[in-house]
$ cat my_file35.cif   # mmCIF, C-alpha atoms
data_query
#
loop_
_atom_site.label_atom_id
_atom_site.label_comp_id
_atom_site.auth_asym_id
_atom_site.auth_seq_id
_atom_site.Cartn_x
_atom_site.Cartn_y
_atom_site.Cartn_z
CA MET A 1 -9.93 52.81 -57.12
CA LYS A 2 -7.32 52.82 -54.36
CA LYS A 3 -10.12 52.63 -51.81
CA LEU A 4 -11.56 49.58 -53.60
CA LEU A 5 -8.15 47.87 -53.68
CA LYS A 6 -7.71 48.51 -49.97
CA THR A 7 -11.16 47.02 -49.31
CA LEU A 8 -10.40 43.97 -51.44
CA THR A 9 -7.02 43.57 -49.69
CA ALA A 10 -8.66 43.75 -46.27
CA VAL A 11 -11.27 41.19 -47.33
CA THR A 12 -8.52 38.93 -48.71
CA LEU A 13 -6.51 39.23 -45.51
CA THR A 14 -9.56 38.56 -43.39
CA VAL A 15 -10.45 35.49 -45.44
CA GLY A 16 -6.84 34.34 -45.21
CA VAL A 17 -6.77 34.75 -41.46
CA LEU A 18 -10.10 32.96 -41.09
CA ALA A 19 -8.86 30.19 -43.35
CA ALA A 20 -5.68 29.94 -41.37
CA CYS A 21 -7.63 29.83 -38.14
CA GLY A 22 -9.90 27.20 -39.61
CA GLN A 23 -6.89 25.23 -40.76
CA GLU A 24 -5.35 25.55 -37.29
CA ASP A 25 -8.57 24.36 -35.70
CA ASN A 26 -8.68 21.46 -38.12
CA ASN A 27 -5.04 20.69 -37.42
CA THR A 28 -5.69 20.86 -33.70
CA GLU A 29 -8.66 18.57 -34.06
CA GLU A 30 -6.67 16.20 -36.24
CA THR A 31 -3.77 16.35 -33.79
CA GLY A 32 -6.14 15.59 -30.96
CA ASN A 33 -7.55 12.68 -32.91
CA ASN A 34 -4.06 11.49 -33.73
CA ASN A 35 -3.06 11.75 -30.06
CA THR A 36 -6.14 9.78 -29.11
CA ASN A 37 -5.40 7.19 -31.77
CA ASN A 38 -1.77 7.00 -30.68
CA GLU A 39 -2.80 6.63 -27.05
CA GLU A 40 -5.21 3.86 -27.97
CA ALA A 41 -2.52 2.21 -30.05
CA ASN A 42 -0.05 2.42 -27.17
CA ASN A 43 -2.60 0.99 -24.77
CA ALA A 44 -3.34 -1.80 -27.19
CA GLU A 45 0.37 -2.50 -27.50
CA VAL A 46 0.74 -2.71 -23.72
CA GLU A 47 -2.21 -5.08 -23.44
CA GLU A 48 -1.15 -7.24 -26.37
CA GLY A 49 2.62 -7.25 -25.80
CA PRO A 50 4.61 -9.98 -24.07
CA ILE A 51 3.98 -10.55 -20.39
CA VAL A 52 7.17 -10.17 -18.34
CA VAL A 53 7.31 -12.42 -15.27
CA GLY A 54 10.07 -12.46 -12.66
CA ALA A 55 10.86 -15.82 -11.07
CA SER A 56 13.32 -17.79 -8.99
CA ASN A 57 15.46 -20.06 -11.12
CA ILE A 58 14.18 -23.39 -9.73
CA PRO A 59 11.41 -24.42 -9.83
CA HIS A 60 9.54 -21.27 -10.84
CA ALA A 61 11.41 -20.34 -14.02
CA GLU A 62 11.50 -23.99 -15.12
CA ILE A 63 7.74 -24.25 -14.66
CA LEU A 64 7.25 -21.05 -16.65
CA GLU A 65 9.51 -22.34 -19.42
CA PHE A 66 7.38 -25.47 -19.69
CA ALA A 67 4.22 -23.33 -19.77
CA GLU A 68 5.60 -21.03 -22.47
CA ASP A 69 4.26 -23.04 -25.43
CA LEU A 70 0.89 -23.53 -23.73
CA LEU A 71 0.61 -19.77 -23.23
CA GLU A 72 1.58 -19.14 -26.83
CA GLU A 73 -1.35 -21.32 -27.90
CA GLU A 74 -3.53 -18.93 -25.88
CA GLY A 75 -2.04 -15.96 -27.70
CA VAL A 76 0.19 -14.84 -24.83
CA GLU A 77 3.91 -14.28 -25.34
CA LEU A 78 5.95 -14.87 -22.18
CA GLU A 79 9.23 -13.27 -21.17
CA ILE A 80 10.94 -14.73 -18.08
CA VAL A 81 13.37 -12.79 -15.88
CA THR A 82 15.20 -14.89 -13.27
CA PHE A 83 16.26 -13.73 -9.81
CA ASN A 84 18.46 -15.32 -7.15
CA ASP A 85 17.03 -13.62 -4.07
CA TYR A 86 13.73 -12.74 -2.42
CA ILE A 87 14.09 -8.96 -2.47
CA LEU A 88 14.62 -7.84 -6.05
CA PRO A 89 11.56 -9.54 -7.66
CA ASN A 90 9.18 -7.43 -5.58
CA GLN A 91 11.19 -4.26 -6.14
CA ALA A 92 11.16 -4.88 -9.89
CA LEU A 93 7.40 -5.49 -9.85
CA ASP A 94 6.78 -2.34 -7.84
CA GLU A 95 8.90 -0.28 -10.25
CA GLY A 96 6.98 -1.56 -13.27
CA GLU A 97 9.83 -3.61 -14.70
CA LEU A 98 7.69 -6.76 -14.42
CA ASP A 99 4.05 -7.52 -15.15
CA ALA A 100 4.02 -10.22 -12.47
CA ASN A 101 6.31 -12.28 -10.30
CA TYR A 102 6.28 -15.91 -9.25
CA PHE A 103 8.62 -16.84 -6.41
CA GLN A 104 7.00 -16.18 -3.03
CA HIS A 105 4.48 -17.77 -0.72
CA VAL A 106 1.50 -15.97 0.77
CA PRO A 107 2.88 -15.10 4.25
CA TYR A 108 6.04 -13.65 2.69
CA LEU A 109 4.02 -11.62 0.19
CA GLU A 110 1.85 -10.25 2.99
CA SER A 111 4.88 -9.38 5.12
CA GLN A 112 6.50 -7.53 2.21
CA ILE A 113 3.31 -5.57 1.53
CA GLU A 114 3.16 -4.55 5.18
CA GLU A 115 6.86 -3.70 5.42
CA HIS A 116 7.29 -1.81 2.14
CA GLY A 117 3.79 -0.60 1.36
CA TYR A 118 3.64 -2.46 -1.93
CA ASP A 119 0.27 -2.33 -3.66
CA PHE A 120 0.32 -5.96 -4.82
CA VAL A 121 -2.45 -8.46 -5.41
CA ASN A 122 -2.22 -12.25 -5.11
CA VAL A 123 -3.96 -13.60 -8.22
CA GLY A 124 -3.56 -17.30 -7.48
CA GLY A 125 -1.52 -20.05 -5.83
CA ILE A 126 0.37 -22.46 -8.09
CA HIS A 127 2.46 -24.83 -5.99
CA ILE A 128 3.87 -25.61 -2.54
CA GLU A 129 7.54 -26.27 -1.81
CA PRO A 130 7.86 -28.33 1.38
CA ILE A 131 10.75 -26.95 3.43
CA GLY A 132 13.37 -29.45 4.64
CA LEU A 133 15.76 -29.91 7.54
CA TYR A 134 19.23 -31.05 6.38
CA SER A 135 22.26 -32.28 8.27
CA GLN A 136 25.74 -33.37 7.27
CA ASP A 137 26.28 -35.23 10.55
CA TYR A 138 22.94 -36.71 11.61
CA ASP A 139 20.54 -38.91 9.66
CA SER A 140 17.42 -38.27 11.75
CA VAL A 141 15.92 -35.60 13.98
CA GLU A 142 16.09 -38.09 16.86
CA ALA A 143 19.86 -38.21 16.48
CA LEU A 144 20.31 -34.47 16.94
CA PRO A 145 22.28 -33.92 20.17
CA GLU A 146 21.28 -31.72 23.06
CA GLY A 147 22.22 -28.13 22.37
CA ALA A 148 22.31 -28.74 18.60
CA GLU A 149 22.77 -25.59 16.54
CA ILE A 150 19.91 -25.24 14.04
CA ILE A 151 20.30 -22.64 11.29
CA MET A 152 17.30 -21.09 9.59
CA SER A 153 16.49 -18.29 7.16
CA ASP A 154 16.56 -14.69 8.30
CA SER A 155 13.16 -14.31 6.59
CA VAL A 156 10.77 -13.81 9.53
CA ALA A 157 7.88 -14.91 7.30
CA ASP A 158 9.33 -18.43 7.34
CA HIS A 159 9.96 -18.67 11.08
CA GLY A 160 6.43 -19.69 12.06
CA ARG A 161 6.44 -22.26 9.30
CA ILE A 162 9.71 -23.79 10.47
CA LEU A 163 8.89 -23.72 14.18
CA SER A 164 5.45 -25.23 13.59
CA MET A 165 7.10 -28.06 11.67
CA LEU A 166 9.48 -28.71 14.59
CA GLU A 167 6.59 -28.54 17.05
CA ASN A 168 4.66 -31.13 15.04
CA GLU A 169 7.66 -33.44 15.50
CA GLY A 170 7.57 -32.90 19.28
CA LEU A 171 10.94 -31.16 19.30
CA ILE A 172 9.65 -27.87 20.76
CA THR A 173 6.43 -26.38 22.11
CA LEU A 174 5.18 -22.97 21.03
CA ALA A 175 2.98 -20.50 22.85
CA GLU A 176 -0.67 -21.30 22.31
CA GLY A 177 -2.30 -19.72 19.29
CA VAL A 178 0.79 -18.18 17.64
CA GLY A 179 0.48 -20.39 14.55
CA ILE A 180 2.33 -19.28 11.42
CA ASN A 181 3.23 -15.98 13.08
CA ALA A 182 5.46 -17.70 15.63
CA THR A 183 8.96 -16.43 16.30
CA ILE A 184 11.85 -17.89 18.26
CA ASP A 185 10.65 -15.88 21.26
CA ASP A 186 7.42 -17.91 21.20
CA ILE A 187 9.22 -21.16 22.05
CA GLU A 188 7.92 -22.16 25.49
CA GLU A 189 9.49 -25.60 25.77
CA ASN A 190 12.82 -26.63 24.26
CA PRO A 191 13.70 -29.91 26.00
CA ASN A 192 16.80 -30.51 23.89
CA ASN A 193 18.04 -26.94 24.37
CA PHE A 194 18.39 -26.43 20.64
CA GLU A 195 20.09 -23.19 19.68
CA PHE A 196 18.35 -21.42 16.81
CA LEU A 197 20.34 -19.12 14.54
CA ALA A 198 18.16 -17.06 12.20
CA ASN A 199 20.76 -14.82 10.60
CA VAL A 200 21.43 -16.40 7.20
CA GLU A 201 19.95 -15.15 3.94
CA ALA A 202 17.76 -17.84 2.40
CA ALA A 203 19.80 -18.05 -0.80
CA LEU A 204 22.97 -18.79 1.22
CA LEU A 205 21.54 -21.68 3.25
CA PRO A 206 22.75 -24.38 0.80
CA THR A 207 26.27 -22.94 0.99
CA ALA A 208 26.12 -23.02 4.78
CA TYR A 209 25.03 -26.66 4.55
CA GLU A 210 27.83 -27.56 2.14
CA ASN A 211 30.33 -25.87 4.47
CA GLY A 212 29.13 -28.01 7.36
CA GLU A 213 27.89 -25.08 9.41
CA GLY A 214 25.60 -25.89 12.32
CA ASP A 215 24.21 -29.30 13.21
CA ALA A 216 21.15 -28.94 10.99
CA ILE A 217 19.90 -26.37 8.50
CA LEU A 218 16.38 -25.60 7.26
CA ILE A 219 16.48 -24.88 3.53
CA ASN A 220 13.68 -23.66 1.26
CA SER A 221 13.05 -26.25 -1.45
CA ASN A 222 13.71 -23.92 -4.37
CA TYR A 223 17.24 -23.25 -3.11
CA ALA A 224 17.72 -26.90 -2.14
CA LEU A 225 16.77 -28.05 -5.64
CA ASP A 226 19.00 -25.41 -7.19
CA ALA A 227 21.90 -26.76 -5.13
CA GLY A 228 21.26 -30.34 -6.24
CA LEU A 229 19.57 -31.47 -3.02
CA ASN A 230 16.46 -33.65 -3.09
CA PRO A 231 14.15 -32.60 -0.22
CA LEU A 232 12.55 -36.04 -0.06
CA GLU A 233 15.81 -38.01 -0.07
CA ASP A 234 18.38 -35.72 1.50
CA ALA A 235 16.38 -33.99 4.23
CA ILE A 236 16.05 -35.61 7.66
CA LEU A 237 12.67 -33.92 8.10
CA THR A 238 10.30 -32.53 5.46
CA GLU A 239 7.25 -30.34 5.87
CA THR A 240 3.92 -31.80 4.83
CA ALA A 241 2.28 -30.30 1.74
CA ASP A 242 -1.36 -31.00 2.51
CA GLU A 243 -4.22 -28.78 1.39
CA ASP A 244 -4.14 -26.87 4.69
CA ASN A 245 -0.58 -25.70 4.05
CA PRO A 246 -0.75 -21.88 3.85
CA TYR A 247 2.56 -21.52 2.01
CA ALA A 248 1.40 -21.72 -1.59
CA ASN A 249 3.70 -19.96 -4.05
CA VAL A 250 1.62 -17.41 -5.92
CA ILE A 251 1.49 -15.10 -8.91
CA ALA A 252 1.63 -11.50 -7.67
CA VAL A 253 0.81 -8.39 -9.71
CA ASN A 254 0.39 -4.70 -9.11
CA SER A 255 -3.08 -3.68 -7.99
CA GLY A 256 -5.17 -2.87 -11.05
CA ASP A 257 -3.51 -5.52 -13.21
CA GLU A 258 -5.41 -8.48 -11.79
CA GLY A 259 -7.98 -8.19 -14.59
CA ASP A 260 -5.37 -8.22 -17.37
CA GLU A 261 -6.39 -11.03 -19.72
CA ARG A 262 -2.76 -12.13 -20.04
CA ILE A 263 -2.48 -12.52 -16.26
CA LEU A 264 -5.69 -14.54 -16.09
CA LYS A 265 -4.46 -16.85 -18.86
CA LEU A 266 -1.09 -17.20 -17.12
CA VAL A 267 -2.74 -18.42 -13.91
CA GLU A 268 -5.11 -20.68 -15.83
CA VAL A 269 -2.25 -22.34 -17.73
CA LEU A 270 -0.07 -22.73 -14.62
CA ARG A 271 -2.98 -24.49 -12.90
CA SER A 272 -3.66 -26.73 -15.90
CA GLU A 273 -3.36 -30.50 -15.82
CA GLU A 274 -0.38 -30.36 -18.18
CA VAL A 275 1.61 -28.10 -15.87
CA SER A 276 0.56 -30.02 -12.74
CA ASP A 277 1.77 -33.26 -14.32
CA PHE A 278 5.04 -31.61 -15.28
CA ILE A 279 5.59 -30.42 -11.70
CA LEU A 280 4.90 -33.85 -10.21
CA GLU A 281 7.00 -35.73 -12.75
CA THR A 282 9.92 -33.30 -12.67
CA TYR A 283 10.23 -32.73 -8.92
CA ASP A 284 8.89 -36.03 -7.57
CA ASN A 285 6.75 -34.42 -4.84
CA ALA A 286 9.54 -32.06 -3.74
CA VAL A 287 7.25 -29.47 -5.37
CA VAL A 288 3.51 -30.06 -5.16
CA PRO A 289 0.77 -28.39 -7.28
CA VAL A 290 -1.83 -26.49 -5.30
CA ALA A 291 -5.08 -28.43 -5.05
CA GLU A 292 -8.04 -26.55 -6.54
#
$ encode --input "my_file35.cif" --output "structure tokens"
Amino acid sequence: MKKLLKTLTAVTLTVGVLAACGQEDNNTEETGNNNTNNEEANNAEVEEGPIVVGASNIPHAEILEFAEDLLEEEGVELEIVTFNDYILPNQALDEGELDANYFQHVPYLESQIEEHGYDFVNVGGIHIEPIGLYSQDYDSVEALPEGAEIIMSDSVADHGRILSMLENEGLITLAEGVGINATIDDIEENPNNFEFLANVEAALLPTAYENGEGDAILINSNYALDAGLNPLEDAILTETADEDNPYANVIAVNSGDEGDERILKLVEVLRSEEVSDFILETYDNAVVPVAE
């Protein structure tokens, strides 16, 4: 009898262990399924959540604010984060704090990728901001005196743009073939002996202008507009914004995100007729939509 009880006990224990093991396997399988489901849910949440875009205050954030309702009609919720410089928006994008940014032109984007090793992709140009030359003391470029001090951004990516603009006006001559990559060292002829100072952060150029520094100052249109300047009325020289202008302001994203449906809809909306009309009406050609 005792032997039978021991046998039954052993069988019971064995069945219990097997059941427990089976239960553990089932739990593991269920846990695995749950993890998979959770992962899918998280991925879905990332894809369907709001798109966070970093932008300069004017005009980029204002354009995004106008586009917000249009994006909502497309099922995309937009969150705008504003920046006041040219450094932090790319850092924030690289660190995953943003889904995209909208503040920089192509040459600057390319220079930042080369300098910092960012793995960014340009997913589309939206507008051009013609850069302007401003002066408190002179009302034309012809009136600038010999030896005039001309202040420009310390952003090397803008130097070729600025110098090419001055060359087109016959004020200087650049080395042949340097194009948008020109630097101050590439000036071959400077008949008026202008002195170029390229040591001011772009965001501080309007302040330098208001303080009467230099004889003339080249200011990026976004900062000019933010400071209450009208590039078409207040500048003594304004860059052309024709279709050959390589300085389109673009939407930039991390590599791998260029296929995100929200990003594609963002670019589509920002290039829409409604947004183009808003840009032209609001900024009166001081900001110009990119021609398709």
$ residues_around --input "my_file35.cif" --residues "Glu201 of chain A" --least-positions-apart "4" --cutoff "7 Å" --atoms "all atoms listed in the file" --output "PyMOL selection string"
chain A and resi 153-154+205
$ resolve_selection --input "my_file35.cif" --expression "the PyMOL selection byres ((chain A and resi 181) around 12)" --output "PDB file with C-alpha atoms, in the frame of the given file"
ATOM      1  CA  PRO A 107       2.880 -15.100   4.250  1.00  0.00           C
ATOM      2  CA  TYR A 108       6.040 -13.650   2.690  1.00  0.00           C
ATOM      3  CA  GLU A 110       1.850 -10.250   2.990  1.00  0.00           C
ATOM      4  CA  SER A 111       4.880  -9.380   5.120  1.00  0.00           C
ATOM      5  CA  SER A 155      13.160 -14.310   6.590  1.00  0.00           C
ATOM      6  CA  VAL A 156      10.770 -13.810   9.530  1.00  0.00           C
ATOM      7  CA  ALA A 157       7.880 -14.910   7.300  1.00  0.00           C
ATOM      8  CA  ASP A 158       9.330 -18.430   7.340  1.00  0.00           C
ATOM      9  CA  HIS A 159       9.960 -18.670  11.080  1.00  0.00           C
ATOM     10  CA  GLY A 160       6.430 -19.690  12.060  1.00  0.00           C
ATOM     11  CA  ARG A 161       6.440 -22.260   9.300  1.00  0.00           C
ATOM     12  CA  ILE A 162       9.710 -23.790  10.470  1.00  0.00           C
ATOM     13  CA  LEU A 163       8.890 -23.720  14.180  1.00  0.00           C
ATOM     14  CA  SER A 164       5.450 -25.230  13.590  1.00  0.00           C
ATOM     15  CA  LEU A 174       5.180 -22.970  21.030  1.00  0.00           C
ATOM     16  CA  ALA A 175       2.980 -20.500  22.850  1.00  0.00           C
ATOM     17  CA  GLU A 176      -0.670 -21.300  22.310  1.00  0.00           C
ATOM     18  CA  GLY A 177      -2.300 -19.720  19.290  1.00  0.00           C
ATOM     19  CA  VAL A 178       0.790 -18.180  17.640  1.00  0.00           C
ATOM     20  CA  GLY A 179       0.480 -20.390  14.550  1.00  0.00           C
ATOM     21  CA  ILE A 180       2.330 -19.280  11.420  1.00  0.00           C
ATOM     22  CA  ALA A 182       5.460 -17.700  15.630  1.00  0.00           C
ATOM     23  CA  THR A 183       8.960 -16.430  16.300  1.00  0.00           C
ATOM     24  CA  ILE A 184      11.850 -17.890  18.260  1.00  0.00           C
ATOM     25  CA  ASP A 185      10.650 -15.880  21.260  1.00  0.00           C
ATOM     26  CA  ASP A 186       7.420 -17.910  21.200  1.00  0.00           C
ATOM     27  CA  ILE A 187       9.220 -21.160  22.050  1.00  0.00           C
ATOM     28  CA  PRO A 246      -0.750 -21.880   3.850  1.00  0.00           C
TER      29      PRO A 246
END
$ resolve_selection --input "my_file35.cif" --expression "the PyMOL selection byres ((chain A and resi 195) around 8)" --output "ChimeraX atom specification"
/A:147-150,193-194,196-197
$ residues_near_point --input "my_file35.cif" --point "(8.4, -32.5, 24.7)" --cutoff "12 Å" --atoms "all atoms listed in the file" --output "ChimeraX atom specification"
/A:166-174,187-193
$ closest_residue --input "my_file35.cif" --among "A:Leu88, A:Met165, A:Leu204, A:Val76" --to "Glu261 of chain A" --atoms "all atoms listed in the file"
A:Val76
$ build_atoms --input "my_file35.cif" --residues "segment 101-123 of chain A" --atoms "N, CA and C atoms" --output "short mmCIF file (atom, residue, chain, number, x, y, z; two decimals), keeping the file's coordinate frame"
data_model
loop_
_atom_site.label_atom_id
_atom_site.label_comp_id
_atom_site.auth_asym_id
_atom_site.auth_seq_id
_atom_site.Cartn_x
_atom_site.Cartn_y
_atom_site.Cartn_z
N ASN A 101 5.22 -11.43 -10.75
CA ASN A 101 6.31 -12.28 -10.30
C ASN A 101 5.78 -13.57 -9.71
N TYR A 102 6.66 -14.56 -9.66
CA TYR A 102 6.28 -15.91 -9.25
C TYR A 102 7.48 -16.50 -8.51
N PHE A 103 7.49 -16.33 -7.19
CA PHE A 103 8.62 -16.84 -6.41
C PHE A 103 8.30 -16.96 -4.92
N GLN A 104 7.21 -16.33 -4.46
CA GLN A 104 7.00 -16.18 -3.03
C GLN A 104 5.70 -16.83 -2.57
N HIS A 105 5.70 -17.23 -1.29
CA HIS A 105 4.48 -17.77 -0.72
C HIS A 105 3.67 -16.65 -0.07
N VAL A 106 2.45 -16.99 0.32
CA VAL A 106 1.50 -15.97 0.77
C VAL A 106 1.98 -15.21 2.00
N PRO A 107 2.44 -15.87 3.07
CA PRO A 107 2.88 -15.10 4.25
C PRO A 107 4.03 -14.13 3.93
N TYR A 108 4.95 -14.56 3.05
CA TYR A 108 6.04 -13.65 2.69
C TYR A 108 5.51 -12.46 1.91
N LEU A 109 4.62 -12.70 0.97
CA LEU A 109 4.02 -11.62 0.19
C LEU A 109 3.34 -10.62 1.13
N GLU A 110 2.57 -11.13 2.07
CA GLU A 110 1.85 -10.25 2.99
C GLU A 110 2.81 -9.46 3.87
N SER A 111 3.91 -10.08 4.29
CA SER A 111 4.88 -9.38 5.12
C SER A 111 5.58 -8.28 4.34
N GLN A 112 5.84 -8.53 3.05
CA GLN A 112 6.50 -7.53 2.21
C GLN A 112 5.58 -6.34 1.92
N ILE A 113 4.30 -6.64 1.74
CA ILE A 113 3.31 -5.57 1.53
C ILE A 113 3.25 -4.68 2.77
N GLU A 114 3.24 -5.32 3.93
CA GLU A 114 3.16 -4.55 5.18
C GLU A 114 4.44 -3.75 5.42
N GLU A 115 5.58 -4.35 5.14
CA GLU A 115 6.86 -3.70 5.42
C GLU A 115 7.18 -2.57 4.45
N HIS A 116 6.88 -2.78 3.16
CA HIS A 116 7.29 -1.81 2.14
C HIS A 116 6.15 -1.00 1.55
N GLY A 117 4.92 -1.34 1.91
CA GLY A 117 3.79 -0.60 1.36
C GLY A 117 3.49 -0.92 -0.08
N TYR A 118 3.93 -2.07 -0.55
CA TYR A 118 3.64 -2.46 -1.93
C TYR A 118 2.13 -2.59 -2.14
N ASP A 119 1.69 -2.20 -3.31
CA ASP A 119 0.27 -2.33 -3.66
C ASP A 119 0.13 -3.52 -4.59
N PHE A 120 0.33 -4.72 -4.04
CA PHE A 120 0.32 -5.96 -4.82
C PHE A 120 -0.97 -6.74 -4.56
N VAL A 121 -1.29 -7.59 -5.53
CA VAL A 121 -2.45 -8.46 -5.41
C VAL A 121 -2.01 -9.90 -5.71
N ASN A 122 -2.44 -10.83 -4.87
CA ASN A 122 -2.22 -12.25 -5.11
C ASN A 122 -3.33 -12.73 -6.05
N VAL A 123 -2.95 -13.18 -7.25
CA VAL A 123 -3.96 -13.60 -8.22
C VAL A 123 -4.10 -15.12 -8.32
#
